[in-house]
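Structure, as structure tokens:
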Amino acid sequence: MISSMPKWIGDLFAGSLRPNVKILKTSYISSQIKRIRFQGNISKMNLQIGYANVIRVSETEYRNYTVASHDTIAGTLDIVFHIHGNGVGSRYIDALKTGDELFISDPRGKKLYDAGSKQQIIFGDETSLGTACSLLPILKQNQQQFHFYFELAEENKHTPQLLGLENCTVFPKNDVFTNEKNIDDLRTSHWRAANFILTGNVKSMQTLRRVLKSSTTGKILSQGYWLEGKKGL
Ligand SMILES: Cc1cc2nc3c(=O)[nH]c(=O)nc-3n(C[C@H](O)[C@H](O)[C@H](O)COP(=O)(O)OP(=O)(O)OC[C@H]3O[C@@H](n4cnc5c(N)ncnc54)[C@H](O)[C@@H]3O)c2cc1C
């Protein structure tokens, strides 16, 4: 996915990249998790679970973010952002306030939900909270068994509950998901035929995938959201 574009190309497409949404409200779920409600013409947006929207975060940089929930009639969409403080995107989002206008692209990418299995297990981190919010209503509507596993920093450990997510287990960061033995200890009989949805930190996802490949007959659907030391996945 594209993460930067020379300024002259951005200028060339200035018309199509001009602000198309306005911020209705912002709130901090924790010191690092910010939810923003945007309003605009979203009637033609093809919002699928797992798709991401590109936000223009500087004259030359673009970053991917996921719609957590939307209301087509009111023309609003919510995105849950991790304000990690390491990059241009994070700093740009942190500074956004009610009334600001910006450019958000149409959603596209990889579908992360397959209704085929009765059990759905979802792994992620702070960047995955929005994806989890978008999954919850469909999992409930389809009467599926589901469980969310998050690796979160101490200051964010209550955010799944504050965002209304259910059936969640939270682990400290850099502890469980990067260790194959610890993941193995988590396994339950539910895992055998479950579908797995993995998003977030690429390193954690790679470890999870290695363990899951030998323990499930279900599908493993994954999308890396960020990689240590890499700008804009
Ligand atoms: C399909 C897709 C959907 C996504 N959806 C969301 C979403 O809904 N909400 C959300 O918050 N993010 C989401 N992300 C992740 C987000 O795009 C990245 O975290 C992005 O790198 C942030 O850009 P940045 O400019 O802040 O940092 P960058 O300039 O890209 O990176 C600078 C440095 O920060 C580090 N870094 C990047 N992200 C993190 C992080 N989360 N924690 C700690 N260090 C980090 C990088 O490793 C790098 O060293 C998504 C990514 C993808 C690919």
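Identifiers in the structure tokens: chain A, B, ... in order shown; residue index from 1 per chain; ligand index from 1 in order shown.
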
Test item: residues at most 12 Å from Asp184 of chain A, only C-alpha atoms, excluding those fewer than 5 positions along its chain, as a PDB file with all heavy atoms, in the first residue's frame:
ATOM      1  N   VAL A 176       3.465 -12.221  25.536  1.00  0.00           N
ATOM      2  CA  VAL A 176       2.892 -13.499  25.115  1.00  0.00           C
ATOM      3  C   VAL A 176       3.020 -13.736  23.610  1.00  0.00           C
ATOM      4  O   VAL A 176       3.464 -14.785  23.167  1.00  0.00           O
ATOM      5  CB  VAL A 176       1.412 -13.574  25.542  1.00  0.00           C
ATOM      6  CG1 VAL A 176       0.769 -14.859  25.073  1.00  0.00           C
ATOM      7  CG2 VAL A 176       1.304 -13.469  27.058  1.00  0.00           C
ATOM      8  N   PHE A 177       2.654 -12.750  22.810  1.00  0.00           N
ATOM      9  CA  PHE A 177       2.511 -12.984  21.370  1.00  0.00           C
ATOM     10  C   PHE A 177       3.833 -13.179  20.638  1.00  0.00           C
ATOM     11  O   PHE A 177       3.859 -13.625  19.500  1.00  0.00           O
ATOM     12  CB  PHE A 177       1.761 -11.829  20.702  1.00  0.00           C
ATOM     13  CG  PHE A 177       0.304 -11.734  21.072  1.00  0.00           C
ATOM     14  CD1 PHE A 177      -0.248 -12.524  22.066  1.00  0.00           C
ATOM     15  CD2 PHE A 177      -0.526 -10.851  20.408  1.00  0.00           C
ATOM     16  CE1 PHE A 177      -1.589 -12.424  22.403  1.00  0.00           C
ATOM     17  CE2 PHE A 177      -1.866 -10.739  20.730  1.00  0.00           C
ATOM     18  CZ  PHE A 177      -2.398 -11.531  21.732  1.00  0.00           C
ATOM     19  N   THR A 178       4.948 -12.805  21.280  1.00  0.00           N
ATOM     20  CA  THR A 178       6.222 -12.963  20.585  1.00  0.00           C
ATOM     21  C   THR A 178       6.941 -14.244  21.024  1.00  0.00           C
ATOM     22  O   THR A 178       8.074 -14.488  20.639  1.00  0.00           O
ATOM     23  CB  THR A 178       7.133 -11.742  20.849  1.00  0.00           C
ATOM     24  OG1 THR A 178       7.032 -11.416  22.229  1.00  0.00           O
ATOM     25  CG2 THR A 178       6.733 -10.553  20.001  1.00  0.00           C
ATOM     26  N   ASN A 179       6.243 -15.074  21.821  1.00  0.00           N
ATOM     27  CA  ASN A 179       6.863 -16.288  22.346  1.00  0.00           C
ATOM     28  C   ASN A 179       6.014 -17.510  21.989  1.00  0.00           C
ATOM     29  O   ASN A 179       4.885 -17.645  22.455  1.00  0.00           O
ATOM     30  CB  ASN A 179       6.988 -16.116  23.869  1.00  0.00           C
ATOM     31  CG  ASN A 179       7.680 -17.300  24.518  1.00  0.00           C
ATOM     32  OD1 ASN A 179       7.470 -18.442  24.132  1.00  0.00           O
ATOM     33  ND2 ASN A 179       8.494 -17.000  25.513  1.00  0.00           N
ATOM     34  N   SER A 189      -9.454 -26.276  22.976  1.00  0.00           N
ATOM     35  CA  SER A 189     -10.060 -27.153  21.955  1.00  0.00           C
ATOM     36  C   SER A 189     -10.797 -26.328  20.890  1.00  0.00           C
ATOM     37  O   SER A 189     -10.963 -26.760  19.755  1.00  0.00           O
ATOM     38  CB  SER A 189     -11.014 -28.143  22.606  1.00  0.00           C
ATOM     39  OG  SER A 189     -11.968 -27.439  23.362  1.00  0.00           O
ATOM     40  N   TRP A 191      -9.725 -23.944  19.326  1.00  0.00           N
ATOM     41  CA  TRP A 191      -8.824 -23.488  18.286  1.00  0.00           C
ATOM     42  C   TRP A 191      -8.751 -24.427  17.092  1.00  0.00           C
ATOM     43  O   TRP A 191      -8.330 -24.040  16.021  1.00  0.00           O
ATOM     44  CB  TRP A 191      -7.408 -23.299  18.862  1.00  0.00           C
ATOM     45  CG  TRP A 191      -7.271 -22.099  19.730  1.00  0.00           C
ATOM     46  CD1 TRP A 191      -8.230 -21.588  20.555  1.00  0.00           C
ATOM     47  CD2 TRP A 191      -6.130 -21.255  19.874  1.00  0.00           C
ATOM     48  NE1 TRP A 191      -7.740 -20.490  21.212  1.00  0.00           N
ATOM     49  CE2 TRP A 191      -6.452 -20.265  20.811  1.00  0.00           C
ATOM     50  CE3 TRP A 191      -4.861 -21.249  19.313  1.00  0.00           C
ATOM     51  CZ2 TRP A 191      -5.561 -19.267  21.183  1.00  0.00           C
ATOM     52  CZ3 TRP A 191      -3.965 -20.264  19.690  1.00  0.00           C
ATOM     53  CH2 TRP A 191      -4.321 -19.286  20.612  1.00  0.00           C
ATOM     54  N   THR A 207       4.904 -14.847  14.666  1.00  0.00           N
ATOM     55  CA  THR A 207       5.020 -15.895  15.691  1.00  0.00           C
ATOM     56  C   THR A 207       3.697 -16.639  15.824  1.00  0.00           C
ATOM     57  O   THR A 207       3.660 -17.873  15.877  1.00  0.00           O
ATOM     58  CB  THR A 207       5.410 -15.265  17.057  1.00  0.00           C
ATOM     59  OG1 THR A 207       6.434 -14.328  16.845  1.00  0.00           O
ATOM     60  CG2 THR A 207       5.849 -16.323  18.046  1.00  0.00           C
ATOM     61  N   LEU A 208       2.605 -15.880  15.887  1.00  0.00           N
ATOM     62  CA  LEU A 208       1.277 -16.495  16.000  1.00  0.00           C
ATOM     63  C   LEU A 208       1.010 -17.448  14.841  1.00  0.00           C
ATOM     64  O   LEU A 208       0.566 -18.576  15.031  1.00  0.00           O
ATOM     65  CB  LEU A 208       0.200 -15.406  16.002  1.00  0.00           C
ATOM     66  CG  LEU A 208      -0.009 -14.650  17.313  1.00  0.00           C
ATOM     67  CD1 LEU A 208      -0.721 -13.333  17.060  1.00  0.00           C
ATOM     68  CD2 LEU A 208      -0.826 -15.504  18.283  1.00  0.00           C
ATOM     69  N   ARG A 209       1.318 -16.987  13.655  1.00  0.00           N
ATOM     70  CA  ARG A 209       1.038 -17.776  12.454  1.00  0.00           C
ATOM     71  C   ARG A 209       1.792 -19.118  12.479  1.00  0.00           C
ATOM     72  O   ARG A 209       1.238 -20.155  12.149  1.00  0.00           O
ATOM     73  CB  ARG A 209       1.439 -16.954  11.222  1.00  0.00           C
ATOM     74  CG  ARG A 209       1.103 -17.576   9.911  1.00  0.00           C
ATOM     75  CD  ARG A 209       1.416 -16.627   8.787  1.00  0.00           C
ATOM     76  NE  ARG A 209       0.225 -15.994   8.279  1.00  0.00           N
ATOM     77  CZ  ARG A 209      -0.654 -16.571   7.483  1.00  0.00           C
ATOM     78  NH1 ARG A 209      -0.485 -17.815   7.108  1.00  0.00           N
ATOM     79  NH2 ARG A 209      -1.718 -15.933   7.059  1.00  0.00           N
ATOM     80  N   ARG A 210       3.064 -19.060  12.953  1.00  0.00           N
ATOM     81  CA  ARG A 210       3.871 -20.292  13.029  1.00  0.00           C
ATOM     82  C   ARG A 210       3.192 -21.316  13.936  1.00  0.00           C
ATOM     83  O   ARG A 210       3.102 -22.494  13.613  1.00  0.00           O
ATOM     84  CB  ARG A 210       5.273 -19.970  13.567  1.00  0.00           C
ATOM     85  CG  ARG A 210       6.287 -19.681  12.468  1.00  0.00           C
ATOM     86  CD  ARG A 210       7.715 -19.820  12.965  1.00  0.00           C
ATOM     87  NE  ARG A 210       8.008 -18.915  14.074  1.00  0.00           N
ATOM     88  CZ  ARG A 210       8.371 -17.641  13.929  1.00  0.00           C
ATOM     89  NH1 ARG A 210       8.485 -17.123  12.733  1.00  0.00           N
ATOM     90  NH2 ARG A 210       8.633 -16.895  14.985  1.00  0.00           N
ATOM     91  N   VAL A 211       2.680 -20.852  15.090  1.00  0.00           N
ATOM     92  CA  VAL A 211       2.041 -21.772  16.042  1.00  0.00           C
ATOM     93  C   VAL A 211       0.706 -22.257  15.486  1.00  0.00           C
ATOM     94  O   VAL A 211       0.390 -23.447  15.544  1.00  0.00           O
ATOM     95  CB  VAL A 211       1.825 -21.069  17.414  1.00  0.00           C
ATOM     96  CG1 VAL A 211       1.056 -21.974  18.368  1.00  0.00           C
ATOM     97  CG2 VAL A 211       3.147 -20.655  18.008  1.00  0.00           C
ATOM     98  N   LEU A 212      -0.066 -21.330  14.912  1.00  0.00           N
ATOM     99  CA  LEU A 212      -1.426 -21.677  14.465  1.00  0.00           C
ATOM    100  C   LEU A 212      -1.431 -22.666  13.306  1.00  0.00           C
ATOM    101  O   LEU A 212      -2.315 -23.510  13.209  1.00  0.00           O
ATOM    102  CB  LEU A 212      -2.171 -20.408  14.041  1.00  0.00           C
ATOM    103  CG  LEU A 212      -2.470 -19.426  15.167  1.00  0.00           C
ATOM    104  CD1 LEU A 212      -3.090 -18.159  14.613  1.00  0.00           C
ATOM    105  CD2 LEU A 212      -3.404 -20.068  16.181  1.00  0.00           C
ATOM    106  N   LYS A 213      -0.424 -22.555  12.445  1.00  0.00           N
ATOM    107  CA  LYS A 213      -0.398 -23.421  11.250  1.00  0.00           C
ATOM    108  C   LYS A 213      -0.480 -24.896  11.622  1.00  0.00           C
ATOM    109  O   LYS A 213      -1.050 -25.691  10.891  1.00  0.00           O
ATOM    110  CB  LYS A 213       0.879 -23.155  10.444  1.00  0.00           C
ATOM    111  CG  LYS A 213       0.651 -22.089   9.373  1.00  0.00           C
ATOM    112  CD  LYS A 213       1.929 -21.695   8.738  1.00  0.00           C
ATOM    113  CE  LYS A 213       2.036 -22.168   7.312  1.00  0.00           C
ATOM    114  NZ  LYS A 213       3.281 -21.643   6.688  1.00  0.00           N
ATOM    115  N   SER A 214       0.085 -25.232  12.791  1.00  0.00           N
ATOM    116  CA  SER A 214       0.084 -26.647  13.180  1.00  0.00           C
ATOM    117  C   SER A 214      -1.093 -26.980  14.098  1.00  0.00           C
ATOM    118  O   SER A 214      -1.242 -28.111  14.519  1.00  0.00           O
ATOM    119  CB  SER A 214       1.392 -26.983  13.892  1.00  0.00           C
ATOM    120  OG  SER A 214       1.496 -26.175  15.038  1.00  0.00           O
ATOM    121  N   SER A 215      -1.923 -25.991  14.438  1.00  0.00           N
ATOM    122  CA  SER A 215      -2.962 -26.301  15.423  1.00  0.00           C
ATOM    123  C   SER A 215      -4.383 -26.006  14.955  1.00  0.00           C
ATOM    124  O   SER A 215      -5.322 -26.147  15.725  1.00  0.00           O
ATOM    125  CB  SER A 215      -2.686 -25.552  16.730  1.00  0.00           C
ATOM    126  OG  SER A 215      -2.575 -24.182  16.492  1.00  0.00           O
ATOM    127  N   THR A 216      -4.582 -25.563  13.722  1.00  0.00           N
ATOM    128  CA  THR A 216      -5.953 -25.296  13.276  1.00  0.00           C
ATOM    129  C   THR A 216      -6.196 -25.815  11.859  1.00  0.00           C
ATOM    130  O   THR A 216      -5.281 -25.813  11.028  1.00  0.00           O
ATOM    131  CB  THR A 216      -6.283 -23.780  13.334  1.00  0.00           C
ATOM    132  OG1 THR A 216      -7.623 -23.597  12.876  1.00  0.00           O
ATOM    133  CG2 THR A 216      -5.369 -22.951  12.446  1.00  0.00           C
TER     134      THR A 216
END

| request: Within 7 Å of segment 25-27 of chain A, counting only C-alpha atoms, which residues show up once you throw out same-chain ones fewer than 5 positions away? Write them as an MDAnalysis selection string, please. | output: chainID A and resid 34:37 97:98

With 7 Å as the cut-off and only C-alpha atoms and all ligand atoms counted, what is the closest atom pair between each nearby residue of chain A and ligand 1? Distances in Å to one decimal, ordered by chain and number, as a Markdown table.
| residue | atom | partner | partner_atom_place_in_ligand_line | distance |
| --- | --- | --- | --- | --- |
| A:Gly50 | CA | ligand 1 | 1 (C) | 6.8 |
| A:Tyr51 | CA | ligand 1 | 1 (C) | 6.4 |
| A:Ala52 | CA | ligand 1 | 1 (C) | 4.8 |
| A:Arg63 | CA | ligand 1 | 17 (O) | 4.9 |
| A:Asn64 | CA | ligand 1 | 17 (O) | 4.1 |
| A:Tyr65 | CA | ligand 1 | 5 (N) | 3.5 |
| A:Thr66 | CA | ligand 1 | 8 (O) | 3.7 |
| A:Val67 | CA | ligand 1 | 8 (O) | 6.4 |
| A:Ile79 | CA | ligand 1 | 8 (O) | 6.0 |
| A:Val80 | CA | ligand 1 | 9 (N) | 5.4 |
| A:Phe81 | CA | ligand 1 | 11 (O) | 3.6 |
| A:His82 | CA | ligand 1 | 11 (O) | 3.7 |
| A:Ile83 | CA | ligand 1 | 11 (O) | 6.7 |
| A:His84 | CA | ligand 1 | 42 (N) | 5.0 |
| A:Gly85 | CA | ligand 1 | 26 (O) | 6.7 |
| A:Asn86 | CA | ligand 1 | 34 (O) | 4.3 |
| A:Gly87 | CA | ligand 1 | 27 (O) | 3.6 |
| A:Val88 | CA | ligand 1 | 25 (O) | 4.0 |
| A:Gly89 | CA | ligand 1 | 25 (O) | 3.3 |
| A:Ser90 | CA | ligand 1 | 26 (O) | 3.6 |
| A:Arg91 | CA | ligand 1 | 26 (O) | 6.6 |
| A:Gly109 | CA | ligand 1 | 1 (C) | 6.6 |
| A:Glu126 | CA | ligand 1 | 11 (O) | 6.5 |
| A:Thr127 | CA | ligand 1 | 10 (C) | 3.9 |
| A:Ser128 | CA | ligand 1 | 7 (C) | 6.1 |
| A:Leu129 | CA | ligand 1 | 8 (O) | 6.9 |
| A:Gly130 | CA | ligand 1 | 8 (O) | 4.9 |
| A:Thr131 | CA | ligand 1 | 8 (O) | 6.4 |
| A:Gln223 | CA | ligand 1 | 1 (C) | 6.5 |
| A:Gly224 | CA | ligand 1 | 53 (C) | 6.0 |
| A:Tyr225 | CA | ligand 1 | 51 (C) | 3.7 |
| A:Trp226 | CA | ligand 1 | 18 (C) | 5.0 |
| A:Leu227 | CA | ligand 1 | 47 (O) | 4.7 |
| A:Glu228 | CA | ligand 1 | 47 (O) | 3.3 |
| A:Gly229 | CA | ligand 1 | 49 (O) | 3.3 |
| A:Lys230 | CA | ligand 1 | 47 (O) | 4.6 |
| A:Lys231 | CA | ligand 1 | 30 (O) | 3.4 |
| A:Gly232 | CA | ligand 1 | 30 (O) | 3.3 |
| A:Leu233 | CA | ligand 1 | 53 (C) | 4.9 |

Would you save the residues of that selection, restricted to C-alpha atoms, as a PDB file, in the first residue's frame?
ATOM      1  CA  GLY A  50     -10.476  -5.461   6.935  1.00  0.00           C
ATOM      2  CA  TYR A  51     -10.475  -2.715   4.327  1.00  0.00           C
ATOM      3  CA  ALA A  52      -8.472   0.400   5.209  1.00  0.00           C
ATOM      4  CA  ARG A  63      -1.196   6.239   6.270  1.00  0.00           C
ATOM      5  CA  ASN A  64      -3.727   3.409   6.509  1.00  0.00           C
ATOM      6  CA  TYR A  65      -6.503   3.372   9.105  1.00  0.00           C
ATOM      7  CA  THR A  66      -9.608   1.198   9.546  1.00  0.00           C
ATOM      8  CA  VAL A  67     -13.216   2.311   9.913  1.00  0.00           C
ATOM      9  CA  ILE A  79     -11.794   5.544  13.410  1.00  0.00           C
ATOM     10  CA  VAL A  80      -9.821   4.436  16.473  1.00  0.00           C
ATOM     11  CA  PHE A  81      -6.203   5.622  16.356  1.00  0.00           C
ATOM     12  CA  HIS A  82      -3.132   4.516  18.267  1.00  0.00           C
ATOM     13  CA  ILE A  83      -1.225   7.666  19.216  1.00  0.00           C
ATOM     14  CA  HIS A  84       2.180   5.977  19.591  1.00  0.00           C
ATOM     15  CA  GLY A  85       4.165   9.190  19.113  1.00  0.00           C
ATOM     16  CA  ASN A  86       6.815   7.715  16.798  1.00  0.00           C
ATOM     17  CA  GLY A  87       5.645   8.942  13.397  1.00  0.00           C
ATOM     18  CA  VAL A  88       4.212  11.761  11.294  1.00  0.00           C
ATOM     19  CA  GLY A  89       0.790  10.042  11.148  1.00  0.00           C
ATOM     20  CA  SER A  90       0.533   9.612  14.893  1.00  0.00           C
ATOM     21  CA  ARG A  91       1.497  13.243  15.522  1.00  0.00           C
ATOM     22  CA  GLY A 109      -7.457  -3.826   0.797  1.00  0.00           C
ATOM     23  CA  GLU A 126      -3.795  -1.051  19.768  1.00  0.00           C
ATOM     24  CA  THR A 127      -3.894  -0.613  15.979  1.00  0.00           C
ATOM     25  CA  SER A 128      -6.413  -3.483  15.737  1.00  0.00           C
ATOM     26  CA  LEU A 129      -9.040  -2.008  18.091  1.00  0.00           C
ATOM     27  CA  GLY A 130     -10.955  -0.395  15.203  1.00  0.00           C
ATOM     28  CA  THR A 131     -10.973  -3.647  13.223  1.00  0.00           C
ATOM     29  CA  GLN A 223      -2.798  -8.276   7.634  1.00  0.00           C
ATOM     30  CA  GLY A 224       0.270  -6.625   9.170  1.00  0.00           C
ATOM     31  CA  TYR A 225      -0.466  -3.087  10.398  1.00  0.00           C
ATOM     32  CA  TRP A 226       3.003  -1.938  11.428  1.00  0.00           C
ATOM     33  CA  LEU A 227       6.569  -3.175  11.580  1.00  0.00           C
ATOM     34  CA  GLU A 228       9.220  -1.924  13.997  1.00  0.00           C
ATOM     35  CA  GLY A 229      11.526   0.536  12.181  1.00  0.00           C
ATOM     36  CA  LYS A 230       9.410   0.685   8.997  1.00  0.00           C
ATOM     37  CA  LYS A 231       7.480   3.778   7.929  1.00  0.00           C
ATOM     38  CA  GLY A 232       3.886   3.404   6.786  1.00  0.00           C
ATOM     39  CA  LEU A 233       3.022  -0.218   6.054  1.00  0.00           C
TER      40      LEU A 233
END

| query | segment 157-159 of chain A: which residues within 9 Å, counting only C-alpha atoms, same-chain residues fewer than 2 positions away excluded, as a PyMOL selection string? | reply | chain A and resi 29-30+33+126+129+150-155+161-165+170-172

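Minimum distance to Leu112 of chain A across A:Val54, A:Thr169, A:Asn156, A:Ile197 (counting only C-alpha atoms) occurs at A:Ile197.
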